[in-house]
Each structure stands twice: as C-alpha cells, then as structure tokens.
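Data block for final06.csv (CSV, C-alpha atoms):
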```
chain,number,residue,atom,x,y,z
O,1,MET,CA,2.3,-16.1,0.0
O,2,SER,CA,4.0,-17.5,3.0
O,3,ASP,CA,2.4,-18.5,6.3
O,4,SER,CA,4.6,-16.3,8.4
O,5,THR,CA,5.4,-12.6,8.4
O,6,THR,CA,8.6,-12.3,6.4
O,7,LEU,CA,8.5,-8.6,5.7
O,8,PRO,CA,11.1,-6.3,7.4
O,9,ASP,CA,9.8,-4.4,10.4
O,10,PRO,CA,9.0,-0.9,9.0
O,11,GLN,CA,9.7,0.6,12.5
O,12,GLN,CA,13.3,-0.6,12.7
O,13,PRO,CA,15.9,1.7,11.3
O,14,HIS,CA,16.5,0.9,7.7
O,15,ASN,CA,17.5,2.6,4.4
O,16,HIS,CA,14.1,4.0,3.4
O,17,ALA,CA,15.5,5.0,0.0
O,18,HIS,CA,15.9,1.3,-0.7
O,19,CYS,CA,12.2,0.8,0.0
O,20,VAL,CA,11.3,3.4,-2.6
O,21,SER,CA,13.7,2.2,-5.2
O,22,HIS,CA,12.7,-1.5,-4.7
O,23,ALA,CA,9.0,-0.5,-5.0
O,24,LEU,CA,9.6,1.4,-8.2
O,25,SER,CA,11.7,-1.4,-9.7
O,26,ALA,CA,9.0,-4.0,-8.8
O,27,ALA,CA,6.4,-1.7,-10.3
O,28,GLU,CA,8.2,-1.4,-13.6
O,29,GLN,CA,8.5,-5.2,-13.7
O,30,VAL,CA,4.9,-5.8,-12.9
O,31,CYS,CA,3.7,-3.2,-15.5
O,32,ALA,CA,6.0,-4.6,-18.2
O,33,ARG,CA,4.8,-8.2,-17.4
O,34,ASP,CA,1.2,-7.1,-17.6
O,35,GLY,CA,1.7,-4.8,-20.7
O,36,VAL,CA,0.4,-1.6,-19.0
O,37,ARG,CA,1.9,1.9,-19.0
O,38,PHE,CA,3.8,3.0,-15.9
O,39,THR,CA,3.5,6.8,-16.6
O,40,THR,CA,5.5,9.5,-14.9
O,41,LEU,CA,2.5,10.5,-12.8
O,42,ARG,CA,1.8,6.9,-11.7
O,43,LYS,CA,5.5,6.5,-10.8
O,44,ARG,CA,5.5,9.7,-8.8
O,45,VAL,CA,2.3,8.8,-6.9
O,46,LEU,CA,3.8,5.4,-6.1
O,47,GLU,CA,7.0,7.1,-4.9
O,48,LEU,CA,5.0,9.4,-2.6
O,49,VAL,CA,3.0,6.5,-1.2
O,50,TRP,CA,6.3,4.8,-0.3
O,51,GLN,CA,7.8,7.9,1.4
O,52,SER,CA,6.9,6.3,4.7
O,53,HIS,CA,5.2,3.2,6.0
O,54,LYS,CA,2.2,5.3,7.1
O,55,PRO,CA,-1.0,5.2,4.9
O,56,LEU,CA,-1.3,8.3,2.7
O,57,GLY,CA,-4.6,9.9,1.6
O,58,ALA,CA,-5.2,11.0,-2.0
O,59,TYR,CA,-5.5,14.7,-0.9
O,60,ASP,CA,-2.1,14.4,0.9
O,61,ILE,CA,-0.6,13.2,-2.4
O,62,LEU,CA,-2.3,16.0,-4.3
O,63,GLU,CA,-0.9,18.5,-1.9
O,64,THR,CA,2.6,17.2,-2.2
O,65,LEU,CA,2.4,17.1,-6.0
O,66,SER,CA,1.3,20.7,-6.0
O,67,ARG,CA,3.8,21.9,-3.4
O,68,ASP,CA,6.9,19.9,-4.3
O,69,ASP,CA,6.4,19.2,-8.0
O,70,GLY,CA,4.5,22.3,-9.0
O,71,ARG,CA,1.9,20.0,-10.7
O,72,ARG,CA,-1.6,21.3,-11.0
O,73,ALA,CA,-3.2,17.9,-10.8
O,74,ALA,CA,-6.9,17.6,-10.0
O,75,PRO,CA,-8.3,15.0,-7.5
O,76,PRO,CA,-9.6,12.7,-10.2
O,77,THR,CA,-6.1,12.5,-11.7
O,78,VAL,CA,-4.6,11.3,-8.4
O,79,TYR,CA,-7.5,8.9,-7.8
O,80,ARG,CA,-7.1,7.4,-11.3
O,81,ALA,CA,-3.4,6.9,-10.6
O,82,LEU,CA,-4.2,5.3,-7.3
O,83,ASP,CA,-6.8,3.1,-8.9
O,84,PHE,CA,-4.3,2.0,-11.5
O,85,LEU,CA,-1.7,1.2,-8.8
O,86,GLN,CA,-4.2,-0.7,-6.8
O,87,GLU,CA,-5.4,-2.7,-9.9
O,88,GLN,CA,-1.8,-3.7,-10.5
O,89,GLY,CA,-1.3,-4.8,-6.9
O,90,LEU,CA,1.3,-2.1,-6.2
O,91,VAL,CA,-0.7,-0.4,-3.4
O,92,HIS,CA,-3.4,-1.4,-1.0
O,93,ARG,CA,-6.2,0.7,0.2
O,94,ILE,CA,-6.7,1.0,3.9
O,95,ALA,CA,-10.5,1.3,4.0
O,96,SER,CA,-10.8,2.5,7.6
O,97,LEU,CA,-8.4,5.4,6.9
O,98,ASN,CA,-9.4,6.0,3.3
O,99,ALA,CA,-5.7,6.0,2.5
O,100,PHE,CA,-3.1,3.9,0.6
O,101,ILE,CA,0.0,2.1,1.4
O,102,GLY,CA,2.6,0.5,-0.8
O,103,CYS,CA,2.6,-3.3,-1.2
O,104,PRO,CA,5.9,-4.9,-0.5
O,105,SER,CA,5.1,-8.0,-2.6
O,106,PRO,CA,3.3,-6.9,-5.8
O,107,GLU,CA,4.6,-9.8,-7.7
O,108,HIS,CA,2.1,-12.0,-5.8
O,109,ARG,CA,-1.5,-11.1,-6.1
O,110,HIS,CA,-3.1,-11.1,-2.6
O,111,GLN,CA,-5.4,-9.4,-0.2
O,112,GLY,CA,-3.8,-7.0,2.2
O,113,HIS,CA,-4.3,-7.6,5.9
O,114,PHE,CA,-3.0,-4.9,8.2
O,115,LEU,CA,-2.1,-4.1,11.8
O,116,ILE,CA,-2.7,-0.3,12.2
O,117,CYS,CA,-1.2,1.5,15.2
O,118,LEU,CA,-3.9,3.9,16.6
O,119,ASN,CA,-1.1,6.1,18.1
O,120,CYS,CA,1.6,6.5,15.4
O,121,HIS,CA,-0.6,5.4,12.5
O,122,ILE,CA,2.0,3.0,11.0
O,123,ALA,CA,0.4,0.1,9.0
O,124,ILE,CA,2.1,-3.3,8.9
O,125,GLU,CA,1.0,-5.7,6.3
O,126,LEU,CA,0.7,-9.3,7.4
O,127,GLU,CA,1.7,-12.0,5.0
O,128,GLN,CA,-0.5,-14.8,6.4
O,129,SER,CA,-2.2,-16.9,3.8
O,130,GLY,CA,-4.1,-18.5,6.7
O,131,ILE,CA,-6.2,-15.4,7.2
O,132,SER,CA,-7.6,-15.6,3.7
O,133,ASP,CA,-8.0,-19.3,4.0
O,134,ALA,CA,-10.0,-19.0,7.2
O,135,ILE,CA,-12.2,-16.3,5.7
O,136,ALA,CA,-12.9,-18.5,2.6
O,137,ALA,CA,-13.7,-21.5,4.7
O,138,ALA,CA,-16.0,-19.6,7.0
O,139,ALA,CA,-17.8,-18.0,4.0
O,140,ALA,CA,-18.1,-21.4,2.2
O,141,ALA,CA,-19.6,-22.9,5.3
O,142,GLN,CA,-22.3,-20.2,5.0
O,143,GLY,CA,-22.8,-20.7,1.3
O,144,PHE,CA,-21.3,-17.2,0.7
O,145,ALA,CA,-19.0,-16.3,-2.2
O,146,VAL,CA,-16.3,-13.8,-1.2
O,147,ASN,CA,-15.5,-11.1,-3.8
O,148,SER,CA,-13.2,-9.1,-1.6
O,149,GLU,CA,-12.0,-9.0,2.0
O,150,THR,CA,-10.8,-6.3,4.3
O,151,VAL,CA,-8.9,-7.1,7.5
O,152,GLU,CA,-7.6,-4.1,9.4
O,153,ILE,CA,-6.7,-4.6,13.0
O,154,GLY,CA,-6.3,-1.5,15.2
O,155,GLY,CA,-4.1,-1.5,18.3
O,156,LEU,CA,-0.7,-0.3,19.5
O,157,CYS,CA,2.6,-1.2,17.8
O,158,ALA,CA,5.5,-2.5,19.9
O,159,GLN,CA,7.2,0.9,19.9
O,160,CYS,CA,4.1,2.8,21.1
O,161,GLN,CA,3.5,0.2,23.8
O,162,ALA,CA,7.1,0.5,25.0
O,163,ALA,CA,6.8,4.3,25.1
O,164,ALA,CA,3.6,4.3,27.1
```

structure tokens encoding of this file:
Amino acid sequence: MSDSTTLPDPQQPHNHAHCVSHALSAAEQVCARDGVRFTTLRKRVLELVWQSHKPLGAYDILETLSRDDGRRAAPPTVYRALDFLQEQGLVHRIASLNAFIGCPSPEHRHQGHFLICLNCHIAIELEQSGISDAIAAAAAAQGFAVNSETVEIGGLCAQCQAAA
C-alpha cells in the first residue's frame, strides 16, 4: 500500500463501465489465486456494488436483484454473497452506514479508511498506510492487540463544498 492517495477521484468524470469491468476482472483473478468460487450471484452483487461510488446497503442490492434481474433472493443469500466478497477483500463494509463499497485494490489486503461526504454520500477510500501504522503504534503503546480497525471520517467533499 502506498503512502499517498493514488486512486482516481470518483467524483471526476470517468468511464464508470471501466470501474465495473476492472473490479470484475480483479475479482476473478483474486478468486482464482485463492481457489474460491466466484459464482454468478457473487459476481452480480459485486457488479451492483460498483454501479456507483456510493455505499450500497444489502437491501438495496436485494431490491435491484428482484426488480432488474427477476431474482427471488432472500436477505441471507445477499448477506452471504457480501460476506464472501468482504472475506476476499473485494468490498469494504462502511460500518457507520451499514453499507458496502467496492475495493479498488483487492490484490493488496488492507483495512479500508474512508472519507464519507455527509451531503452526497460518496465514499472515498484513502490509501494511507500511515493510518494503520499510527493505530498499531498507539495500540501497542497501550498493550492492546488490534484485531480490526474502522476509520470513517464524515465531512463534505470538494464538490459539495464548492456548491454550498
């Protein structure tokens, strides 16, 4: 992981279909590397998560599967697919929103750290290894063993600030 944000700005105009196709290609590679099945449902759920750069809840995914795909999936089915995608590092869970967002760097295992716009709800993943390093150092100084970390920073993105 780099020490600077190297991800493209999700708010700038870009070919979003490329985001989806890149995510699906990366997922196929990760699953092949790890010897796990990337089923049709898992693939579709990942595709839906990547439809925008805004976190998506499980019930939103369920509704889209039902409405657009005619699937009669039950909530546990969607949650199992999301659990699988999260275990493989293909999505991150945004705890404060109880929602999921695609990981742009699934080939590198890491904790997700996010800037979340309180106005437009876009989530921007930070690629700052220093954040995890600082958390680990502070925890070690207290004799604390970190099992997981959640860093979600709420505020206003540049576009929402400019529009205000």

Write out as a CSV table (one decimal) with C-alpha atoms, keeping the file's coordinate frame which residues come within 10 Å of Leu82 (chain O) when counting all atoms listed in the file, dropping same-chain ones fewer than 6 positions away.
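Output file selection06.csv follows:
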```
chain,number,residue,atom,x,y,z
O,42,ARG,CA,1.8,6.9,-11.7
O,45,VAL,CA,2.3,8.8,-6.9
O,46,LEU,CA,3.8,5.4,-6.1
O,49,VAL,CA,3.0,6.5,-1.2
O,58,ALA,CA,-5.2,11.0,-2.0
O,61,ILE,CA,-0.6,13.2,-2.4
O,76,PRO,CA,-9.6,12.7,-10.2
O,88,GLN,CA,-1.8,-3.7,-10.5
O,90,LEU,CA,1.3,-2.1,-6.2
O,91,VAL,CA,-0.7,-0.4,-3.4
O,92,HIS,CA,-3.4,-1.4,-1.0
O,93,ARG,CA,-6.2,0.7,0.2
O,99,ALA,CA,-5.7,6.0,2.5
O,100,PHE,CA,-3.1,3.9,0.6
```

Taking only C-alpha atoms into account, which of O:Asp69, O:Tyr79, O:Ala163, O:Ala26 comes nearest Cys103 (chain O)?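 Among O:Asp69, O:Tyr79, O:Ala163, O:Ala26, it is O:Ala26 that comes nearest to Cys103 (chain O).
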
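Computed from the coordinates, the CA of Lys54 (chain O) to CA of His121 (chain O) distance equals 6.1 Å.
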
Given all atoms listed in the file as the counted atoms, nearest of O:Ala140, O:Leu24, O:Ile101, O:Ala95 to Phe38 (chain O): O:Leu24

Report, in Å with one decimal, the straight-line distance from CA of Val151 (chain O) to CA of Thr77 (chain O).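 Rounded to one decimal, the two atoms are 27.6 Å apart.
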
Ranking O:Gln159, O:Glu87, O:Ala164, O:Arg109 by minimum distance to Val36 (chain O) and counting all atoms listed in the file, which one comes first?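 The shortest atom-to-atom distance to Val36 (chain O) comes from O:Glu87.
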
Smallest atom-to-atom distance to Thr64 (chain O): which of O:Cys157, O:Val78, O:His18, O:Leu48, using all atoms listed in the file?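 Looking only at the distances to Thr64 (chain O), the closest residue turns out to be O:Leu48.
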